[in-house]
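K.L.:
Sending over run02.txt (compact mmCIF, C-alpha atoms and all ligand atoms).
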```txt
# COMPACT_ATOMS: atom_id res chain seq x y z
CA MET P 1 -21.36 -65.61 16.07
CA GLU P 2 -17.65 -64.90 15.61
CA LYS P 3 -16.59 -61.32 14.99
CA ILE P 4 -13.98 -60.66 12.30
CA ILE P 5 -12.42 -57.30 11.48
CA VAL P 6 -10.91 -56.61 8.06
CA LEU P 7 -8.17 -53.94 8.16
CA GLY P 8 -7.46 -52.42 4.76
CA ALA P 9 -11.12 -53.02 3.91
CA THR P 10 -11.42 -50.41 1.14
CA GLY P 11 -8.43 -51.65 -0.89
CA ASN P 12 -8.11 -54.25 -3.63
CA ILE P 13 -7.76 -57.33 -1.42
CA GLY P 14 -9.85 -56.02 1.49
CA THR P 15 -12.87 -55.32 -0.73
CA ALA P 16 -12.68 -58.80 -2.25
CA VAL P 17 -12.42 -60.32 1.24
CA LEU P 18 -15.56 -58.47 2.42
CA LYS P 19 -17.39 -59.66 -0.70
CA ASN P 20 -16.31 -63.23 -0.05
CA LEU P 21 -17.20 -63.20 3.65
CA GLN P 22 -20.70 -61.80 3.21
CA ASN P 23 -22.38 -65.17 2.86
CA LYS P 24 -20.52 -66.86 5.70
CA ASN P 25 -21.90 -67.31 9.16
CA VAL P 26 -19.78 -64.60 10.82
CA GLU P 27 -20.18 -60.98 11.86
CA VAL P 28 -17.90 -58.87 9.70
CA PHE P 29 -16.47 -55.42 10.48
CA GLY P 30 -14.63 -53.31 7.91
CA GLY P 31 -11.97 -50.88 9.13
CA VAL P 32 -12.18 -47.54 7.30
CA ARG P 33 -10.36 -44.24 7.79
CA SER P 34 -13.28 -41.94 7.14
CA GLU P 35 -17.07 -41.89 7.46
CA ARG P 36 -17.14 -41.17 3.73
CA ASP P 37 -16.15 -44.81 3.22
CA PHE P 38 -18.87 -46.40 5.36
CA LYS P 39 -20.90 -47.29 2.26
CA LYS P 40 -17.94 -49.11 0.72
CA VAL P 41 -18.10 -51.76 3.43
CA GLN P 42 -21.84 -51.64 4.12
CA GLN P 43 -22.54 -52.76 0.53
CA PHE P 44 -21.13 -56.16 1.61
CA ASN P 45 -23.16 -56.25 4.85
CA ALA P 46 -20.06 -55.44 6.90
CA LYS P 47 -20.24 -52.99 9.79
CA PRO P 48 -17.93 -49.99 9.38
CA VAL P 49 -15.42 -49.22 12.14
CA LEU P 50 -13.30 -46.08 12.07
CA VAL P 51 -9.64 -46.98 12.41
CA ASN P 52 -6.26 -45.51 11.66
CA PHE P 53 -3.80 -48.35 11.77
CA THR P 54 -0.86 -46.08 12.57
CA ASP P 55 -2.57 -45.16 15.86
CA GLN P 56 -2.44 -47.66 18.74
CA ASP P 57 -5.47 -46.26 20.61
CA SER P 58 -7.57 -46.34 17.48
CA LEU P 59 -6.57 -49.97 16.87
CA ASN P 60 -7.28 -50.91 20.49
CA GLN P 61 -10.82 -49.57 20.11
CA ALA P 62 -11.38 -51.16 16.70
CA LEU P 63 -10.28 -54.65 17.81
CA LYS P 64 -12.46 -54.70 20.95
CA GLY P 65 -14.56 -57.87 21.02
CA LYS P 66 -13.13 -59.27 17.76
CA GLN P 67 -11.97 -62.90 17.67
CA ARG P 68 -10.16 -62.72 14.32
CA ILE P 69 -8.41 -60.08 12.27
CA PHE P 70 -7.29 -59.75 8.70
CA LEU P 71 -4.63 -57.18 7.80
CA VAL P 72 -3.36 -55.96 4.47
CA THR P 73 -1.18 -52.84 4.29
CA PRO P 74 -0.65 -50.75 1.15
CA LEU P 75 2.71 -50.79 -0.61
CA MET P 76 4.73 -48.81 1.93
CA GLN P 77 8.14 -48.71 3.57
CA ASN P 78 8.56 -50.82 6.73
CA PRO P 79 5.00 -52.20 6.99
CA GLU P 80 6.19 -54.24 10.00
CA PHE P 81 5.59 -51.06 12.02
CA ILE P 82 1.83 -51.39 11.35
CA THR P 83 1.96 -55.16 11.89
CA GLN P 84 3.46 -54.61 15.38
CA LEU P 85 0.76 -52.08 16.33
CA VAL P 86 -1.93 -54.55 15.22
CA ILE P 87 -0.24 -57.35 17.21
CA ASN P 88 -0.22 -55.12 20.33
CA SER P 89 -3.97 -54.51 19.99
CA ALA P 90 -4.65 -58.15 19.18
CA ILE P 91 -2.91 -59.24 22.40
CA GLU P 92 -4.71 -56.55 24.41
CA ASN P 93 -8.05 -57.82 23.06
CA ASN P 94 -7.36 -61.58 23.21
CA VAL P 95 -7.74 -61.99 19.45
CA LYS P 96 -7.34 -65.69 18.62
CA HIS P 97 -6.38 -65.60 14.94
CA PHE P 98 -4.40 -63.15 12.80
CA VAL P 99 -4.59 -63.57 9.02
CA ARG P 100 -2.01 -61.42 7.20
CA SER P 101 -1.67 -60.88 3.48
CA THR P 102 2.04 -60.45 2.71
CA ALA P 103 3.71 -61.36 -0.60
CA LEU P 104 5.14 -64.35 -2.43
CA GLY P 105 8.77 -64.87 -1.41
CA ALA P 106 8.28 -63.33 2.07
CA ASP P 107 11.58 -63.88 3.85
CA VAL P 108 13.54 -61.72 6.29
CA ASP P 109 16.70 -62.67 4.39
CA GLY P 110 15.07 -62.33 0.97
CA GLN P 111 16.98 -60.92 -2.00
CA ILE P 112 14.60 -58.03 -2.60
CA GLN P 113 13.25 -55.36 -0.28
CA MET P 114 9.59 -56.33 -0.74
CA ALA P 115 10.38 -59.91 0.37
CA ARG P 116 12.23 -58.68 3.44
CA TRP P 117 9.41 -56.30 4.46
CA ALA P 118 6.87 -59.10 4.10
CA GLY P 119 9.16 -61.51 5.98
CA LYS P 120 9.57 -59.10 8.90
CA SER P 121 5.80 -58.81 9.36
CA GLU P 122 5.47 -62.59 9.33
CA GLU P 123 8.28 -63.03 11.90
CA LEU P 124 6.66 -60.54 14.27
CA ILE P 125 3.28 -62.29 14.09
CA LYS P 126 4.89 -65.72 14.62
CA ALA P 127 6.79 -64.40 17.63
CA SER P 128 3.57 -62.98 19.14
CA GLY P 129 2.21 -66.47 19.80
CA ILE P 130 -1.18 -65.62 18.20
CA ASN P 131 -2.49 -68.23 15.75
CA TYR P 132 -1.62 -66.96 12.30
CA THR P 133 -2.26 -67.63 8.64
CA PHE P 134 -0.05 -65.98 6.05
CA VAL P 135 -1.37 -65.55 2.54
CA ARG P 136 1.44 -64.72 0.12
CA PRO P 137 0.17 -63.57 -3.27
CA ASN P 138 2.10 -63.31 -6.50
CA ASN P 139 1.42 -60.31 -8.77
CA PHE P 140 -2.28 -59.57 -9.20
CA LEU P 141 -4.02 -60.11 -12.55
CA GLN P 142 -5.93 -56.94 -11.58
CA ASN P 143 -2.66 -54.99 -12.13
CA PHE P 144 -3.65 -55.14 -15.80
CA ILE P 145 -6.81 -53.19 -14.91
CA ASN P 146 -5.24 -50.83 -12.38
CA PHE P 147 -2.03 -49.98 -14.25
CA HIS P 148 -2.36 -50.94 -17.92
CA SER P 149 -6.00 -50.61 -19.00
CA GLN P 150 -5.54 -46.99 -20.08
CA THR P 151 -2.62 -47.67 -22.47
CA ILE P 152 -4.35 -50.81 -23.70
CA LYS P 153 -7.46 -48.74 -24.48
CA GLU P 154 -5.63 -45.76 -25.94
CA HIS P 155 -2.54 -47.33 -27.57
CA SER P 156 -3.46 -51.03 -27.80
CA GLY P 157 -0.41 -51.93 -25.75
CA PHE P 158 1.15 -52.25 -22.31
CA TYR P 159 4.71 -51.40 -21.31
CA LEU P 160 6.76 -53.49 -18.86
CA PRO P 161 10.45 -54.36 -18.39
CA ASN P 162 9.95 -58.14 -18.06
CA GLY P 163 11.59 -59.49 -21.22
CA ALA P 164 10.26 -62.83 -22.37
CA ALA P 165 9.94 -64.39 -18.91
CA LYS P 166 6.95 -66.37 -17.74
CA LEU P 167 5.17 -64.43 -14.97
CA GLY P 168 2.79 -65.89 -12.42
CA MET P 169 -0.33 -63.77 -11.95
CA VAL P 170 -3.18 -64.42 -9.52
CA ASP P 171 -6.76 -63.14 -9.43
CA ILE P 172 -7.48 -61.08 -6.29
CA ASN P 173 -10.74 -63.00 -5.90
CA ASP P 174 -8.72 -66.22 -5.56
CA ILE P 175 -6.59 -64.56 -2.87
CA ALA P 176 -9.74 -63.40 -1.06
CA GLU P 177 -11.22 -66.88 -1.22
CA VAL P 178 -8.23 -68.38 0.60
CA ILE P 179 -8.28 -65.56 3.17
CA SER P 180 -12.01 -66.05 3.81
CA ILE P 181 -11.64 -69.81 4.18
CA ALA P 182 -8.80 -69.28 6.66
CA LEU P 183 -10.82 -66.70 8.61
CA THR P 184 -13.76 -69.06 9.08
CA SER P 185 -11.97 -72.24 10.13
CA GLU P 186 -9.46 -73.45 12.68
CA SER P 187 -7.70 -75.81 10.30
CA HIS P 188 -5.51 -73.13 8.76
CA TYR P 189 -3.82 -72.00 11.97
CA ASN P 190 -0.07 -71.49 11.69
CA GLN P 191 0.07 -72.07 7.96
CA ALA P 192 1.52 -70.00 5.10
CA TYR P 193 0.02 -70.24 1.62
CA ASN P 194 1.90 -69.25 -1.53
CA LEU P 195 -0.60 -68.14 -4.16
CA SER P 196 1.43 -68.25 -7.34
CA GLY P 197 -1.34 -68.14 -9.92
CA LEU P 198 -0.58 -69.54 -13.34
CA ALA P 199 2.38 -68.29 -15.36
CA LEU P 200 2.40 -66.96 -18.92
CA THR P 201 4.68 -64.55 -20.77
CA ASN P 202 3.55 -60.97 -21.34
CA ASN P 203 3.18 -61.80 -25.04
CA GLU P 204 0.79 -64.59 -24.08
CA TYR P 205 -1.19 -62.21 -21.83
CA ALA P 206 -1.31 -59.74 -24.75
CA ASN P 207 -2.63 -62.48 -27.06
CA ILE P 208 -5.42 -63.33 -24.62
CA ILE P 209 -6.41 -59.67 -24.25
CA SER P 210 -6.39 -59.37 -28.08
CA GLU P 211 -8.63 -62.41 -28.38
CA VAL P 212 -11.22 -61.34 -25.80
CA THR P 213 -11.34 -57.69 -26.92
CA ASN P 214 -11.23 -58.45 -30.63
CA LYS P 215 -8.38 -55.99 -31.26
CA LYS P 216 -4.62 -56.46 -31.52
CA VAL P 217 -2.96 -55.67 -28.17
CA SER P 218 0.85 -55.76 -27.84
CA TYR P 219 3.35 -56.09 -25.02
CA ILE P 220 6.17 -53.58 -25.33
CA ASP P 221 9.32 -54.79 -23.55
CA VAL P 222 10.79 -51.61 -22.03
CA PRO P 223 14.49 -51.34 -21.09
CA GLU P 224 14.96 -51.15 -17.31
CA ASP P 225 16.41 -47.60 -17.29
CA LYS P 226 13.41 -46.34 -19.31
CA ALA P 227 10.98 -48.03 -16.90
CA ARG P 228 12.75 -46.39 -13.94
CA GLU P 229 12.70 -42.96 -15.64
CA SER P 230 9.03 -43.27 -16.46
CA MET P 231 8.05 -44.17 -12.87
CA LEU P 232 10.10 -41.27 -11.48
CA SER P 233 8.65 -38.82 -13.97
CA ASN P 234 5.15 -39.95 -12.95
CA GLY P 235 5.99 -38.79 -9.42
CA MET P 236 6.58 -42.18 -7.81
CA PRO P 237 8.85 -41.84 -4.73
CA VAL P 238 12.42 -43.13 -5.12
CA TRP P 239 12.03 -45.89 -2.48
CA MET P 240 9.00 -47.25 -4.38
CA VAL P 241 10.75 -47.12 -7.74
CA ASN P 242 13.73 -48.99 -6.27
CA ALA P 243 11.46 -51.65 -4.77
CA MET P 244 9.49 -52.00 -8.02
CA MET P 245 12.65 -52.27 -10.13
CA GLU P 246 14.04 -55.02 -7.87
CA LEU P 247 10.75 -56.87 -8.32
CA ASN P 248 10.85 -56.32 -12.08
CA TYR P 249 14.41 -57.68 -12.14
CA ILE P 250 13.46 -60.97 -10.48
CA MET P 251 10.35 -61.21 -12.67
CA LYS P 252 12.56 -60.90 -15.75
CA GLN P 253 14.67 -63.80 -14.43
CA GLY P 254 11.51 -65.93 -14.26
CA TRP P 255 11.60 -66.21 -10.46
CA THR P 256 7.88 -65.50 -10.06
CA ALA P 257 6.80 -68.25 -12.45
CA GLU P 258 6.98 -71.23 -10.13
CA TYR P 259 3.61 -72.95 -9.57
CA SER P 260 2.32 -73.49 -6.04
CA GLU P 261 -0.31 -76.12 -5.19
CA ASP P 262 -1.44 -74.18 -2.12
CA PHE P 263 -4.53 -72.67 -3.72
CA LYS P 264 -5.78 -76.10 -4.79
CA LYS P 265 -4.99 -77.53 -1.33
CA VAL P 266 -7.15 -74.89 0.38
CA THR P 267 -10.01 -74.45 -2.12
CA GLY P 268 -10.06 -77.77 -3.98
CA ARG P 269 -10.01 -76.01 -7.35
CA GLU P 270 -7.51 -74.59 -9.84
CA TYR P 271 -6.55 -70.91 -10.01
CA THR P 272 -8.72 -68.63 -12.14
CA SER P 273 -7.06 -68.63 -15.55
CA ALA P 274 -5.95 -65.46 -17.33
CA LYS P 275 -8.47 -66.29 -20.08
CA THR P 276 -11.36 -66.38 -17.61
CA PHE P 277 -10.11 -63.24 -15.87
CA PHE P 278 -9.83 -61.21 -19.09
CA GLU P 279 -13.16 -62.49 -20.39
CA SER P 280 -14.89 -61.36 -17.18
CA ASN P 281 -13.14 -57.98 -17.24
CA LYS P 282 -12.89 -57.23 -20.96
CA ASN P 283 -14.83 -53.95 -20.68
CA TYR P 284 -11.88 -52.36 -18.89
CA PHE P 285 -9.75 -52.83 -22.01
CA ILE P 286 -12.12 -51.84 -24.81
N1 LIG P 301 -0.09 -55.40 -6.67
C1 LIG P 301 0.42 -56.62 -6.65
O1 LIG P 301 0.56 -57.26 -7.70
C2 LIG P 301 0.84 -57.25 -5.34
C3 LIG P 301 1.29 -58.56 -5.35
C4 LIG P 301 1.64 -59.16 -4.15
C5 LIG P 301 1.55 -58.45 -2.96
N2 LIG P 301 1.13 -57.16 -3.00
C6 LIG P 301 1.05 -56.43 -1.70
O2 LIG P 301 -0.32 -56.24 -1.40
C7 LIG P 301 -0.44 -55.06 -0.62
C8 LIG P 301 -1.44 -54.15 -1.26
O3 LIG P 301 -2.72 -54.75 -1.24
P1 LIG P 301 -3.95 -53.96 -1.86
O4 LIG P 301 -3.67 -53.73 -3.32
O5 LIG P 301 -5.20 -54.62 -1.44
O6 LIG P 301 -3.78 -52.56 -1.09
P2 LIG P 301 -4.54 -51.21 -1.35
O7 LIG P 301 -5.59 -51.36 -2.41
O8 LIG P 301 -3.50 -50.15 -1.47
O9 LIG P 301 -5.33 -51.02 0.04
C9 LIG P 301 -4.71 -50.59 1.21
C10 LIG P 301 -5.77 -50.48 2.29
O10 LIG P 301 -5.14 -50.01 3.48
C11 LIG P 301 -5.90 -48.92 4.00
N3 LIG P 301 -5.05 -48.02 4.76
C12 LIG P 301 -3.90 -47.41 4.36
N4 LIG P 301 -3.39 -46.69 5.36
C13 LIG P 301 -4.24 -46.83 6.42
C14 LIG P 301 -4.25 -46.33 7.75
N5 LIG P 301 -3.29 -45.52 8.23
N6 LIG P 301 -5.26 -46.69 8.57
C15 LIG P 301 -6.25 -47.52 8.12
N7 LIG P 301 -6.30 -48.03 6.87
C16 LIG P 301 -5.30 -47.67 6.04
C17 LIG P 301 -6.44 -48.24 2.75
O11 LIG P 301 -7.49 -47.39 3.12
P3 LIG P 301 -7.84 -46.04 2.29
O12 LIG P 301 -8.88 -46.45 1.28
O13 LIG P 301 -8.38 -45.12 3.33
O14 LIG P 301 -6.58 -45.56 1.66
C18 LIG P 301 -6.88 -49.47 1.97
O15 LIG P 301 -8.08 -49.97 2.47
C19 LIG P 301 0.93 -54.41 -0.56
O16 LIG P 301 1.54 -54.74 0.65
C20 LIG P 301 1.65 -55.04 -1.73
O17 LIG P 301 3.04 -55.08 -1.54
C21 LIG P 301 0.75 -56.54 -4.13
```
Written as structure tokens, how would this file's structure read?
P.N.:
Amino acid sequence: MEKIIVLGATGNIGTAVLKNLQNKNVEVFGGVRSERDFKKVQQFNAKPVLVNFTDQDSLNQALKGKQRIFLVTPLMQNPEFITQLVINSAIENNVKHFVRSTALGADVDGQIQMARWAGKSEELIKASGINYTFVRPNNFLQNFINFHSQTIKEHSGFYLPNGAAKLGMVDINDIAEVISIALTSESHYNQAYNLSGLALTNNEYANIISEVTNKKVSYIDVPEDKARESMLSNGMPVWMVNAMMELNYIMKQGWTAEYSEDFKKVTGREYTSAKTFFESNKNYFI
């Protein structure tokens, strides 16, 4: 049976990937930083492996005997540093397939920092000669849970600087489905998949949340300088605020609204709709 290791296994995407892989005919390992997190991967029948992906020796040990790897890094500066360490260990261990979650718009010459970071990781993997699959997600629908559920619960609203633009949003479970399909087949070698999700305006998202929760929820369009101030006063580092504000700028221009067929090509079905997502998760917003 093939051995797959998921790096970033305790995070949003990694957890969904483990969940998705548990019924496939593969042996799955979940990379965790601490023994405290063993249970988080064992609940999906994955075997925990201690790994620190900033440490080459630790990666070399973790990748021993694995045929395929999946890597997602948190939002960080210069993630290509981690990508290169994982490539080194993958070569050392004859790994045959590297699946990397990056971001929609990944491009070394991209207009925003997040696109360039994602593009650099992709370039390094391509140059390594290892079979790759890049999965490039748009903004996650789960951002509504992770970042806006509290204000929706307490103030019946969410605050974003996106104007009236349409914004593509994708369910993390859709992303994980594509990753799991790629990890268990050879037909997705050397492909990149743009997972755009379906695009609505924030007012339309607010209307759906209102409908499923049975209470009026509003989108408050925040001026860019206020959004920046608020992130800084919440303790977000300056590099992260700059990267987020660049992303917010292109979102406001409607650049993240373009539909990609890639999800349908890989899975044969349509993206999970915002309506379905909010219906399944309405308890977070009540
Ligand atoms: N949010 C969005 O809408 C969106 C959209 C498109 C793309 N993205 C991109 O998606 C990525 C984030 O994905 P996510 O939300 O799944 O990430 P996440 O929830 O932050 O998870 C990051 C994972 O990396 C692990 N990790 C961090 N440092 C580590 C280290 N030194 N050694 C081993 N493991 C380590 C974390 O483990 P611990 O549990 O130990 O911390 C966790 O499992 C970012 O690159 C972001 O730019 C996000």
K.L.:
Could you state the separation of atom CA of P:Val99 and atom CA of P:Ile69 in Å, given to one decimal place?
P.N.:
6.1 Å
K.L.:
Could you check the closest approach to P:Pro237 for each of P:Met76, P:Leu63, P:Ile152, P:Val17 and tell me which residue wins, using all atoms listed in the file?
P.N.:
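For P:Pro237, the nearest of the given residues is P:Met76.
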K.L.:
Taking all atoms listed in the file into account, report as JSON, numbers by chain which residues have an atom no farther than 6 Å from an atom of ligand LIG 301 (chain P).
P.N.:
{"P": [8, 9, 10, 11, 12, 13, 14, 32, 33, 51, 52, 53, 54, 72, 73, 74, 75, 103, 137, 138, 139, 140, 143]}
K.L.:
What lies within 10 Å of P:Asn162 using only C-alpha atoms, ignoring chain neighbours under 6 positions off, as a list in words?
P.N.:
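Once the nearby chain positions are removed, what remains is Thr201, Asn202, Tyr219, Ile220, Asp221, Val222, Pro223, Glu224, Leu247, Asn248, Tyr249, Ile250, Met251, Lys252, Gln253 and Gly254 of chain P.
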K.L.:
So what do you get for atom CA of P:Tyr132 versus atom CA of P:Arg100, distance-wise?
P.N.:
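Result for atom CA of P:Tyr132 versus atom CA of P:Arg100: 7.5 Å, one decimal.
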K.L.:
Enclose all atoms of stretch 43-56 of chain P listed in the file in an axis-aligned box, grow every side by 3 Å, and hand back centre and edge lengths in Å to one decimal, as lines of an AutoDock Vina configuration file.
P.N.:
```
center_x = -12.0
center_y = -50.7
center_z = 9.6
size_x = 28.3
size_y = 17.1
size_z = 24.2
```
K.L.:
Neighbours of P:Gln77 within 9 Å (all atoms listed in the file; same-chain residues fewer than 4 positions away dropped), as a ChimeraX atom specification?
P.N.:
/P:114,117,239-240
K.L.:
Which is closer to P:Thr15 than all the others in P:Ile208, P:Ala115, P:Ile172, P:Val241, using all atoms listed in the file?
P.N.:
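When distances to P:Thr15 are compared using all atoms listed in the file, the smallest one comes from P:Ile172.
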K.L.:
Have a look at P:Lys39, P:Ser185, P:Ile82, P:Ile145 and name the one nearest to P:Arg68; count only C-alpha atoms.
P.N.:
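That would be P:Ser185, the residue with the smallest distance to P:Arg68.
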K.L.:
Compare P:Lys264, P:Ala165, P:Asn60, P:Leu232 by their minimum atom-to-atom distance to P:Ile91, counting all atoms listed in the file, and give me the closest one.
P.N.:
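That would be P:Asn60, the residue with the smallest distance to P:Ile91.
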K.L.:
Could you check how far atom CA of P:Leu71 sits from atom CA of P:Ser149, in Å to one decimal?
P.N.:
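Atom-to-atom, atom CA of P:Leu71 and atom CA of P:Ser149 are spaced 27.6 Å apart.
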K.L.:
Contacts of P:Phe81 at 12 Å or less, counting all atoms listed in the file, minus same-chain residues fewer than 6 places along, as a PyMOL selection string?
P.N.:
chain P and resi 53-56+73+87-88+117-118+120-122+124-125
K.L.:
Just to be explicit: take each residue in the selection above, keep C-alpha atoms, and write the result as a short mmCIF file (atom, residue, chain, number, x, y, z; two decimals), in the frame of the given file.
P.N.:
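Generated file (selection_17.cif):
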```
data_model
loop_
_atom_site.label_atom_id
_atom_site.label_comp_id
_atom_site.auth_asym_id
_atom_site.auth_seq_id
_atom_site.Cartn_x
_atom_site.Cartn_y
_atom_site.Cartn_z
CA PHE P 53 -3.80 -48.35 11.77
CA THR P 54 -0.86 -46.08 12.57
CA ASP P 55 -2.57 -45.16 15.86
CA GLN P 56 -2.44 -47.66 18.74
CA THR P 73 -1.18 -52.84 4.29
CA ILE P 87 -0.24 -57.35 17.21
CA ASN P 88 -0.22 -55.12 20.33
CA TRP P 117 9.41 -56.30 4.46
CA ALA P 118 6.87 -59.10 4.10
CA LYS P 120 9.57 -59.10 8.90
CA SER P 121 5.80 -58.81 9.36
CA GLU P 122 5.47 -62.59 9.33
CA LEU P 124 6.66 -60.54 14.27
CA ILE P 125 3.28 -62.29 14.09
#
```
K.L.:
I need the residue nearest P:Ile286 from this list: P:Ile209, P:Glu258, P:Val26, P:Glu186. Use only C-alpha atoms for the distance.
P.N.:
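Smallest distance to P:Ile286 is found for P:Ile209.
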K.L.:
P:Leu85, P:Leu167, P:Ala127, P:Val108: which is nearest P:Leu200, counting only C-alpha atoms?
P.N.:
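Of P:Leu85, P:Leu167, P:Ala127, P:Val108, the one nearest P:Leu200, counting only C-alpha atoms, is P:Leu167.
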K.L.:
Give me the residues within 9 Å of P:Ser273 as a ChimeraX atom specification, counting all atoms listed in the file and dropping any in the same chain fewer than 6 places off.
P.N.:
/P:170-171,197-198
K.L.:
Within 8 Å of P:Tyr193, counting all atoms listed in the file, which residues qualify if same-chain residues fewer than 6 places away don't, as an MDAnalysis selection string?
P.N.:
chainID P and resid 133:136 262:263
K.L.:
Take the point (-6.6, -63.2, 22.7) as written in the file and pick out every residue within 12 Å of it, counting all atoms listed in the file; give the list as a list in words.
P.N.:
Leu63, Lys64, Gly65, Lys66, Gln67, Arg68, Ile69, Ile87, Asn88, Ser89, Ala90, Ile91, Glu92, Asn93, Asn94, Val95, Lys96, His97, Phe98, Ser128, Gly129, Ile130 and Asn131 of chain P
K.L.:
Store the residues picked out above in a file with C-alpha atoms, as a PDB file, keeping the file's coordinate frame.
P.N.:
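Output below, filename selection.pdb:
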```
ATOM      1  CA  LEU P  63     -10.280 -54.650  17.810  1.00  0.00           C
ATOM      2  CA  LYS P  64     -12.460 -54.700  20.950  1.00  0.00           C
ATOM      3  CA  GLY P  65     -14.560 -57.870  21.020  1.00  0.00           C
ATOM      4  CA  LYS P  66     -13.130 -59.270  17.760  1.00  0.00           C
ATOM      5  CA  GLN P  67     -11.970 -62.900  17.670  1.00  0.00           C
ATOM      6  CA  ARG P  68     -10.160 -62.720  14.320  1.00  0.00           C
ATOM      7  CA  ILE P  69      -8.410 -60.080  12.270  1.00  0.00           C
ATOM      8  CA  ILE P  87      -0.240 -57.350  17.210  1.00  0.00           C
ATOM      9  CA  ASN P  88      -0.220 -55.120  20.330  1.00  0.00           C
ATOM     10  CA  SER P  89      -3.970 -54.510  19.990  1.00  0.00           C
ATOM     11  CA  ALA P  90      -4.650 -58.150  19.180  1.00  0.00           C
ATOM     12  CA  ILE P  91      -2.910 -59.240  22.400  1.00  0.00           C
ATOM     13  CA  GLU P  92      -4.710 -56.550  24.410  1.00  0.00           C
ATOM     14  CA  ASN P  93      -8.050 -57.820  23.060  1.00  0.00           C
ATOM     15  CA  ASN P  94      -7.360 -61.580  23.210  1.00  0.00           C
ATOM     16  CA  VAL P  95      -7.740 -61.990  19.450  1.00  0.00           C
ATOM     17  CA  LYS P  96      -7.340 -65.690  18.620  1.00  0.00           C
ATOM     18  CA  HIS P  97      -6.380 -65.600  14.940  1.00  0.00           C
ATOM     19  CA  PHE P  98      -4.400 -63.150  12.800  1.00  0.00           C
ATOM     20  CA  SER P 128       3.570 -62.980  19.140  1.00  0.00           C
ATOM     21  CA  GLY P 129       2.210 -66.470  19.800  1.00  0.00           C
ATOM     22  CA  ILE P 130      -1.180 -65.620  18.200  1.00  0.00           C
ATOM     23  CA  ASN P 131      -2.490 -68.230  15.750  1.00  0.00           C
TER      24      ASN P 131
END
```
K.L.:
Could you pull stretch 137-141 of chain P out of the structure I just pasted and write it to a file containing all heavy atoms, as a compact mmCIF listing (two decimals), in the first residue's frame?
P.N.:
```
# COMPACT_ATOMS: atom_id res chain seq x y z
N PRO P 137 -5.98 27.41 -4.17
CA PRO P 137 -7.32 27.83 -3.73
C PRO P 137 -7.52 29.34 -3.71
O PRO P 137 -6.59 30.10 -3.45
CB PRO P 137 -7.44 27.28 -2.31
CG PRO P 137 -6.07 26.91 -1.87
CD PRO P 137 -5.14 26.95 -3.05
N ASN P 138 -8.74 29.72 -3.96
CA ASN P 138 -9.22 31.08 -3.72
C ASN P 138 -9.46 31.22 -2.22
O ASN P 138 -9.21 30.28 -1.44
CB ASN P 138 -10.53 31.28 -4.51
CG ASN P 138 -10.77 32.73 -4.87
OD1 ASN P 138 -10.20 33.64 -4.26
ND2 ASN P 138 -11.61 32.96 -5.86
N ASN P 139 -10.02 32.33 -1.78
CA ASN P 139 -10.34 32.51 -0.35
C ASN P 139 -11.29 31.41 0.13
O ASN P 139 -12.17 30.98 -0.60
CB ASN P 139 -10.99 33.87 -0.14
CG ASN P 139 -9.97 34.97 -0.32
OD1 ASN P 139 -8.99 35.03 0.41
ND2 ASN P 139 -10.19 35.82 -1.30
N PHE P 140 -11.08 31.00 1.39
CA PHE P 140 -11.88 29.90 1.93
C PHE P 140 -13.23 30.43 2.43
O PHE P 140 -13.28 31.45 3.13
CB PHE P 140 -11.20 29.27 3.15
CG PHE P 140 -9.78 28.84 2.99
CD1 PHE P 140 -8.95 28.69 4.11
CD2 PHE P 140 -9.23 28.54 1.73
CE1 PHE P 140 -7.63 28.28 3.99
CE2 PHE P 140 -7.90 28.13 1.61
CZ PHE P 140 -7.10 28.01 2.74
N LEU P 141 -14.30 29.67 2.16
CA LEU P 141 -15.60 29.98 2.79
C LEU P 141 -15.46 29.91 4.31
O LEU P 141 -16.11 30.65 5.05
CB LEU P 141 -16.66 29.00 2.30
CG LEU P 141 -17.36 29.37 0.99
CD1 LEU P 141 -18.13 28.17 0.43
CD2 LEU P 141 -18.29 30.56 1.17
```
